[in-house]
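Asker: My structure is below; once you've seen it, I'll send some questions.
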Amino acid sequence: MSKVLDELLALLALEKIEEGLFRGQSQDLGLRAVFGGQVMGQALSAAKQTVASDRQVHSFHSYFLRPGDANRPIVYDVENIRDGQTVSTRRVKAIQGGKPIFYLNASFQVEADGFEHQIAMPAGITPPEQLKSELELVRPYEQQIPPALRDKIMCEKPIEIRPVTLVDPIRPDVHEPLRHVWFKANGQMPDDQRVHKYLLAYASDFHFLFTALQPHGVSYWEPDMQVATIDHSMWFHRDFRLDDWLLYVVDSPSASAGRGLVRGQFFTRDGVLVASTAQEGVIRRRG
């Protein structure tokens with residue numbers, strides 16, 4: 001396991017304060033606030049610690065209420081809504097400075113048999129071995145990256161990301177609202193599926209809302225742009241390993257009233273659909 005992946009897994013593991021109450025440290029990615037994926041991953045990690053190990057998360061729905069401070073820890077208060085015969089429900093409140101900044105509702109289920117079908121993975125996608133990493137692709141733009149972000153972007157990452165097509169982050173052209181991106185943990189992961197799932201929740205916030213900007217040819221790095229998540233939902237369909245490559249297929253069906261909607265699907269490299277995502281966020285110019 002790489003050092004950066006080990007540090008991220010430690011960040012998501014959380015400190016137990018007392019029953020149903022956990023504390024997580026924050027990670028500064030050079031953004032204006034705590035990275036949304038961190039809060040989702042930590043909240044899901046907190047919830048799973050209160051659920052029997054034979055119950056796996058199959059969905060969560062979350063709302064971001066206030067920006068989090070990347071220099072302060074976050075407390076996660078887990079409420080046991082219900083434990084049924086096969087399904088458990090938890091509500092998690094993330095608190096910073098005495099105020100809630102985020103809520104997550106998650107549902108966990110024992111393994112069950114049933115009907116099976118899925119959509120097909122897009123055909124003709126370049127395999128990850130033939131692509132450059134995001135770090136390699138961004139290196140020519142290094143001096144144009146805002147100074148507050150530069151060191152955070154130009155460093156080794158716990159999640160290796162390989163875009164099939166890179167959108168110019170500084171002066172983007174107009175593109176259809178569609179992205180194909182390969183994801184993989186930077187190192188070997190433990191076997192616990194629960195860890196793979198809360199780490200995928202963390203990763204699912206990368207390359208997501210920015211897809212809604214592509215039809216407009218604007219960069220999220222422009223000083224007057226406001227880009228922030230309002231809500232994020234995720235469904236886990238099948239088991240997977242995040243230390244194997246997953247393809248993230250993201251599209252944006254609509255933007256209106258200062259908000260953009262994005263949807264995503266994660267596929268294994270052999271075409272198995274393992275998770276789906278949806279997010280709405282603010283995308284507008286300030287002022």
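The way I read the labels, and the way they are meant: chains A, B, ... in the order of the structure tokens, residue 1 as the first residue of every chain, and ligand 1 as the first ligand shown, with later ones counted on from there.
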What residues in region 178-217 of chain A get the DSSP label helix (DSSP H, G or I)? Please answer as a list in words.
Answerer: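 Here is the list: Gln193, Arg194, Val195, His196, Lys197, Tyr198, Leu199, Leu200, Ala201, Tyr202, Ala203, Leu209, Phe210, Thr211, Ala212, Leu213, Gln214, Pro215 and His216 of chain A.
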Asker: Could I get the residues of region 221-280 of chain A with an atom no further than 8 Å from an atom of region 191-208 of chain A, each paired with its nearest atom pair and that distance in Å to one decimal, using only C-alpha atoms, sorted by chain and residue number, as a Markdown table?
Answerer:
```
| residue | atom | partner | partner_atom | distance |
| --- | --- | --- | --- | --- |
| A:Met234 | CA | A:Ala201 | CA | 7.6 |
| A:Phe236 | CA | A:Lys197 | CA | 7.9 |
| A:Asp239 | CA | A:Gln193 | CA | 7.1 |
| A:Phe240 | CA | A:His196 | CA | 7.6 |
| A:Arg241 | CA | A:His196 | CA | 6.4 |
| A:Leu242 | CA | A:His196 | CA | 5.9 |
| A:Val250 | CA | A:Phe208 | CA | 6.7 |
| A:Val262 | CA | A:Phe208 | CA | 6.7 |
| A:Arg263 | CA | A:Phe208 | CA | 7.9 |
| A:Gly264 | CA | A:Phe208 | CA | 7.8 |
| A:Thr277 | CA | A:Ser204 | CA | 7.6 |
| A:Gln279 | CA | A:Phe208 | CA | 8.0 |
```
Asker: Could you write those residues out with N, CA and C atoms, as a PDB file, in the first residue's frame?
Answerer:
```pdb
ATOM      1  N   MET A 234     -25.786   7.923  -3.993  1.00  0.00           N
ATOM      2  CA  MET A 234     -24.987   6.834  -4.542  1.00  0.00           C
ATOM      3  C   MET A 234     -25.666   5.504  -4.254  1.00  0.00           C
ATOM      4  N   PHE A 236     -24.936   1.252  -4.584  1.00  0.00           N
ATOM      5  CA  PHE A 236     -23.938   0.202  -4.778  1.00  0.00           C
ATOM      6  C   PHE A 236     -24.666  -1.063  -5.236  1.00  0.00           C
ATOM      7  N   ASP A 239     -20.415  -6.100  -5.681  1.00  0.00           N
ATOM      8  CA  ASP A 239     -19.096  -5.981  -5.062  1.00  0.00           C
ATOM      9  C   ASP A 239     -18.039  -5.640  -6.113  1.00  0.00           C
ATOM     10  N   PHE A 240     -16.957  -5.049  -5.669  1.00  0.00           N
ATOM     11  CA  PHE A 240     -15.879  -4.629  -6.562  1.00  0.00           C
ATOM     12  C   PHE A 240     -14.621  -4.465  -5.731  1.00  0.00           C
ATOM     13  N   ARG A 241     -13.525  -4.253  -6.412  1.00  0.00           N
ATOM     14  CA  ARG A 241     -12.262  -3.897  -5.757  1.00  0.00           C
ATOM     15  C   ARG A 241     -11.780  -2.586  -6.362  1.00  0.00           C
ATOM     16  N   LEU A 242     -11.506  -1.628  -5.488  1.00  0.00           N
ATOM     17  CA  LEU A 242     -11.032  -0.333  -5.965  1.00  0.00           C
ATOM     18  C   LEU A 242      -9.535  -0.354  -6.265  1.00  0.00           C
ATOM     19  N   VAL A 250     -19.598   9.678 -16.751  1.00  0.00           N
ATOM     20  CA  VAL A 250     -20.333  10.810 -16.168  1.00  0.00           C
ATOM     21  C   VAL A 250     -20.988  11.618 -17.282  1.00  0.00           C
ATOM     22  N   VAL A 262     -25.580  16.146 -12.514  1.00  0.00           N
ATOM     23  CA  VAL A 262     -24.684  15.164 -13.124  1.00  0.00           C
ATOM     24  C   VAL A 262     -25.056  13.763 -12.642  1.00  0.00           C
ATOM     25  N   ARG A 263     -24.773  12.779 -13.511  1.00  0.00           N
ATOM     26  CA  ARG A 263     -25.041  11.377 -13.194  1.00  0.00           C
ATOM     27  C   ARG A 263     -23.803  10.559 -13.541  1.00  0.00           C
ATOM     28  N   GLY A 264     -23.594   9.456 -12.832  1.00  0.00           N
ATOM     29  CA  GLY A 264     -22.426   8.641 -13.121  1.00  0.00           C
ATOM     30  C   GLY A 264     -22.677   7.162 -12.905  1.00  0.00           C
ATOM     31  N   THR A 277     -24.205   7.036  -9.409  1.00  0.00           N
ATOM     32  CA  THR A 277     -24.160   8.267  -8.630  1.00  0.00           C
ATOM     33  C   THR A 277     -25.045   9.330  -9.265  1.00  0.00           C
ATOM     34  N   GLN A 279     -25.703  13.819  -8.622  1.00  0.00           N
ATOM     35  CA  GLN A 279     -25.372  14.999  -7.819  1.00  0.00           C
ATOM     36  C   GLN A 279     -25.957  16.248  -8.471  1.00  0.00           C
TER      37      GLN A 279
END
```
Asker: Could I get the residues of region 144-206 of chain A with an atom no further than 9 Å from an atom of region 2-5 of chain A, each paired with its nearest atom pair and that distance in Å to one decimal, using only C-alpha atoms, sorted by chain and residue number, as a tab-separated table?
Answerer:
```
residue	atom	partner	partner_atom	distance
A:Glu156	CA	A:Val4	CA	7.2
A:Lys157	CA	A:Val4	CA	6.3
A:Pro158	CA	A:Leu5	CA	4.3
A:Ile159	CA	A:Leu5	CA	7.4
A:Ala185	CA	A:Leu5	CA	7.2
A:Asn186	CA	A:Leu5	CA	6.1
A:Gly187	CA	A:Ser2	CA	5.2
A:Gln188	CA	A:Ser2	CA	7.9
A:Met189	CA	A:Leu5	CA	8.7
```
Asker: So that I can see what lies close to Val282 (chain A), please list as a VMD selection string the residues with an atom at most 10 Å from it, counting only C-alpha atoms and leaving out residues fewer than 3 positions away in the same chain.
Answerer: chain A and resid 209 225 to 231 255 to 261 285
Asker: Can those selected residues be exported to a file as a short mmCIF file (atom, residue, chain, number, x, y, z; two decimals), in the first residue's frame so that it contains N, CA and C atoms?
Answerer:
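Below you can see again28.cif, which holds the result:
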```
data_model
loop_
_atom_site.label_atom_id
_atom_site.label_comp_id
_atom_site.auth_asym_id
_atom_site.auth_seq_id
_atom_site.Cartn_x
_atom_site.Cartn_y
_atom_site.Cartn_z
N LEU A 209 -19.12 17.17 -10.79
CA LEU A 209 -19.91 18.37 -11.08
C LEU A 209 -19.30 19.20 -12.21
N MET A 225 -16.05 32.08 -10.52
CA MET A 225 -16.94 30.93 -10.63
C MET A 225 -17.25 30.35 -9.25
N GLN A 226 -18.51 30.06 -9.02
CA GLN A 226 -18.95 29.36 -7.81
C GLN A 226 -19.41 27.97 -8.21
N VAL A 227 -18.71 26.96 -7.72
CA VAL A 227 -19.04 25.57 -8.00
C VAL A 227 -19.08 24.83 -6.67
N ALA A 228 -20.24 24.35 -6.27
CA ALA A 228 -20.38 23.72 -4.95
C ALA A 228 -21.49 22.68 -4.98
N THR A 229 -21.26 21.58 -4.31
CA THR A 229 -22.24 20.50 -4.26
C THR A 229 -23.41 20.85 -3.34
N ILE A 230 -24.62 20.56 -3.79
CA ILE A 230 -25.82 20.70 -2.97
C ILE A 230 -26.20 19.34 -2.37
N ASP A 231 -26.29 18.33 -3.22
CA ASP A 231 -26.62 16.99 -2.73
C ASP A 231 -25.88 15.95 -3.56
N ALA A 255 -28.68 21.78 -16.94
CA ALA A 255 -28.25 22.87 -16.06
C ALA A 255 -29.27 23.99 -16.21
N SER A 256 -29.70 24.55 -15.08
CA SER A 256 -30.68 25.64 -15.11
C SER A 256 -30.71 26.31 -13.74
N ALA A 257 -31.13 27.58 -13.72
CA ALA A 257 -31.33 28.31 -12.46
C ALA A 257 -30.10 28.30 -11.57
N GLY A 258 -28.91 28.32 -12.18
CA GLY A 258 -27.67 28.33 -11.40
C GLY A 258 -27.28 27.00 -10.81
N ARG A 259 -27.92 25.91 -11.29
CA ARG A 259 -27.61 24.57 -10.78
C ARG A 259 -27.33 23.63 -11.95
N GLY A 260 -26.46 22.65 -11.69
CA GLY A 260 -26.18 21.63 -12.68
C GLY A 260 -26.43 20.25 -12.10
N LEU A 261 -26.93 19.35 -12.93
CA LEU A 261 -27.19 17.97 -12.52
C LEU A 261 -26.22 17.05 -13.26
N ARG A 285 -21.70 32.20 -11.90
CA ARG A 285 -20.72 33.25 -11.65
C ARG A 285 -21.14 34.06 -10.43
#
```
Asker: Rank A:Val218, A:Ile119, A:Leu135, A:Val75 by their smallest atom-to-atom distance to Pro169 (chain A), using only C-alpha atoms, and report the top residue only.
Answerer: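 Under the stated criterion, the closest residue is A:Val218.
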Asker: Smallest atom-to-atom distance to Phe183 (chain A): which of A:Gln144, A:Ile170, A:Phe266, A:Phe108, using only C-alpha atoms?
Answerer: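 Among the listed residues, the smallest separation from Phe183 (chain A) belongs to A:Phe266.
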Asker: So that I can check the secondary structure, give me every residue of region 9-79 of chain A assigned strand (DSSP E) by backbone DSSP, as a PyMOL selection string.
Answerer: chain A and resi 15-18+21-24+55-64+74-79
Asker: Can I get the selection written as a compact mmCIF listing (two decimals), in the first residue's frame, with N, CA and C atoms?
Answerer:
```txt
# COMPACT_ATOMS: atom_id res chain seq x y z
N GLU A 15 -11.95 8.30 14.55
CA GLU A 15 -11.75 8.05 15.99
C GLU A 15 -13.11 7.93 16.66
N LYS A 16 -13.32 6.86 17.41
CA LYS A 16 -14.59 6.69 18.12
C LYS A 16 -14.53 7.45 19.44
N ILE A 17 -15.44 8.41 19.61
CA ILE A 17 -15.50 9.21 20.84
C ILE A 17 -16.34 8.49 21.89
N GLU A 18 -17.50 8.06 21.48
CA GLU A 18 -18.38 7.24 22.32
C GLU A 18 -19.37 6.56 21.38
N LEU A 21 -20.76 8.18 18.09
CA LEU A 21 -20.14 9.49 17.92
C LEU A 21 -18.67 9.30 17.52
N PHE A 22 -18.28 9.94 16.41
CA PHE A 22 -16.95 9.74 15.85
C PHE A 22 -16.34 11.08 15.46
N ARG A 23 -15.01 11.11 15.41
CA ARG A 23 -14.30 12.33 15.00
C ARG A 23 -13.37 12.00 13.84
N GLY A 24 -13.38 12.87 12.83
CA GLY A 24 -12.49 12.71 11.69
C GLY A 24 -11.68 13.96 11.47
N ARG A 55 -24.17 -6.73 6.93
CA ARG A 55 -25.02 -5.79 6.18
C ARG A 55 -24.13 -4.78 5.46
N GLN A 56 -24.27 -4.76 4.14
CA GLN A 56 -23.47 -3.86 3.31
C GLN A 56 -24.31 -2.67 2.87
N VAL A 57 -23.69 -1.51 2.77
CA VAL A 57 -24.41 -0.34 2.29
C VAL A 57 -24.82 -0.57 0.84
N HIS A 58 -26.08 -0.25 0.52
CA HIS A 58 -26.52 -0.34 -0.87
C HIS A 58 -26.92 1.03 -1.43
N SER A 59 -27.12 2.02 -0.55
CA SER A 59 -27.41 3.37 -1.05
C SER A 59 -27.21 4.40 0.05
N PHE A 60 -26.92 5.62 -0.38
CA PHE A 60 -26.97 6.76 0.55
C PHE A 60 -27.39 8.00 -0.21
N HIS A 61 -27.98 8.93 0.55
CA HIS A 61 -28.44 10.21 0.01
C HIS A 61 -27.98 11.29 0.98
N SER A 62 -27.36 12.33 0.46
CA SER A 62 -26.74 13.31 1.35
C SER A 62 -26.98 14.74 0.88
N TYR A 63 -26.93 15.67 1.85
CA TYR A 63 -27.04 17.10 1.57
C TYR A 63 -25.89 17.85 2.25
N PHE A 64 -25.32 18.77 1.49
CA PHE A 64 -24.27 19.65 2.01
C PHE A 64 -24.93 20.97 2.43
N ILE A 74 -13.97 17.16 12.11
CA ILE A 74 -15.42 17.07 11.95
C ILE A 74 -15.93 15.95 12.86
N VAL A 75 -17.01 16.21 13.57
CA VAL A 75 -17.64 15.20 14.43
C VAL A 75 -18.83 14.61 13.67
N TYR A 76 -18.95 13.29 13.72
CA TYR A 76 -20.03 12.57 13.04
C TYR A 76 -20.93 11.90 14.07
N ASP A 77 -22.19 12.32 14.10
CA ASP A 77 -23.18 11.81 15.04
C ASP A 77 -24.11 10.86 14.28
N VAL A 78 -24.05 9.57 14.61
CA VAL A 78 -24.81 8.54 13.89
C VAL A 78 -26.08 8.20 14.66
N GLU A 79 -27.22 8.35 14.00
CA GLU A 79 -28.51 8.01 14.60
C GLU A 79 -29.00 6.69 14.01
```
Asker: Please list as a ChimeraX atom specification every residue within 12 Å of Leu247 (chain A), counting only C-alpha atoms and excluding residues in the same chain fewer than 3 positions away.
Answerer: /A:121-123,125-128,160-164,179-184,200,203-204,207,240,242,244,250,264-276
Asker: Kindly give the distance, in Å, that separates CA of Arg66 (chain A) and CA of Met40 (chain A), rounded to a single decimal.
Answerer: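 Value for the CA of Arg66 (chain A)-CA of Met40 (chain A) distance: 13.7 Å.
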Asker: Quick one: pull the distance between CA of Ala33 (chain A) and CA of Gln49 (chain A), Å, one decimal.
Answerer: 26.1 Å
Asker: So which one's closest to Arg72 (chain A), A:Thr86, A:Gln25, A:Ser107, A:Leu31? Using only C-alpha atoms, please.
Answerer: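 Between A:Thr86, A:Gln25, A:Ser107, A:Leu31, the residue approaching Arg72 (chain A) most closely is A:Gln25.
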Asker: Would you kindly return, as a short mmCIF file (atom, residue, chain, number, x, y, z; two decimals) with N, CA and C atoms, in the first residue's frame, each protein, DNA or RNA residue with an atom no farther than 10 Å from any atom of Asp168 (chain A), considering only C-alpha atoms and excluding same-chain residues fewer than 5 positions away?
Answerer:
```
data_model
loop_
_atom_site.label_atom_id
_atom_site.label_comp_id
_atom_site.auth_asym_id
_atom_site.auth_seq_id
_atom_site.Cartn_x
_atom_site.Cartn_y
_atom_site.Cartn_z
N LEU A 137 -0.94 14.60 -17.41
CA LEU A 137 -1.69 15.45 -18.34
C LEU A 137 -1.72 16.90 -17.89
N VAL A 138 -1.74 17.12 -16.58
CA VAL A 138 -1.86 18.48 -16.05
C VAL A 138 -0.50 19.18 -15.96
N TYR A 141 0.36 22.47 -17.57
CA TYR A 141 -0.39 23.63 -17.10
C TYR A 141 0.06 24.09 -15.71
N ASP A 173 -12.43 24.38 -24.08
CA ASP A 173 -13.34 24.57 -25.19
C ASP A 173 -14.72 24.07 -24.79
N GLY A 217 -17.94 26.01 -21.75
CA GLY A 217 -16.57 26.44 -22.01
C GLY A 217 -15.97 27.32 -20.93
N VAL A 218 -16.30 27.04 -19.67
CA VAL A 218 -15.75 27.82 -18.56
C VAL A 218 -14.95 26.90 -17.64
N SER A 219 -13.98 27.48 -16.95
CA SER A 219 -13.14 26.73 -16.03
C SER A 219 -13.58 26.95 -14.59
#
```
Asker: Here is a test: counting only C-alpha atoms, which residue of A:Leu149, A:Val92, A:Ala10, A:Ile101 is nearest to Gly36 (chain A)?
Answerer: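 The shortest atom-to-atom distance to Gly36 (chain A) comes from A:Ile101.
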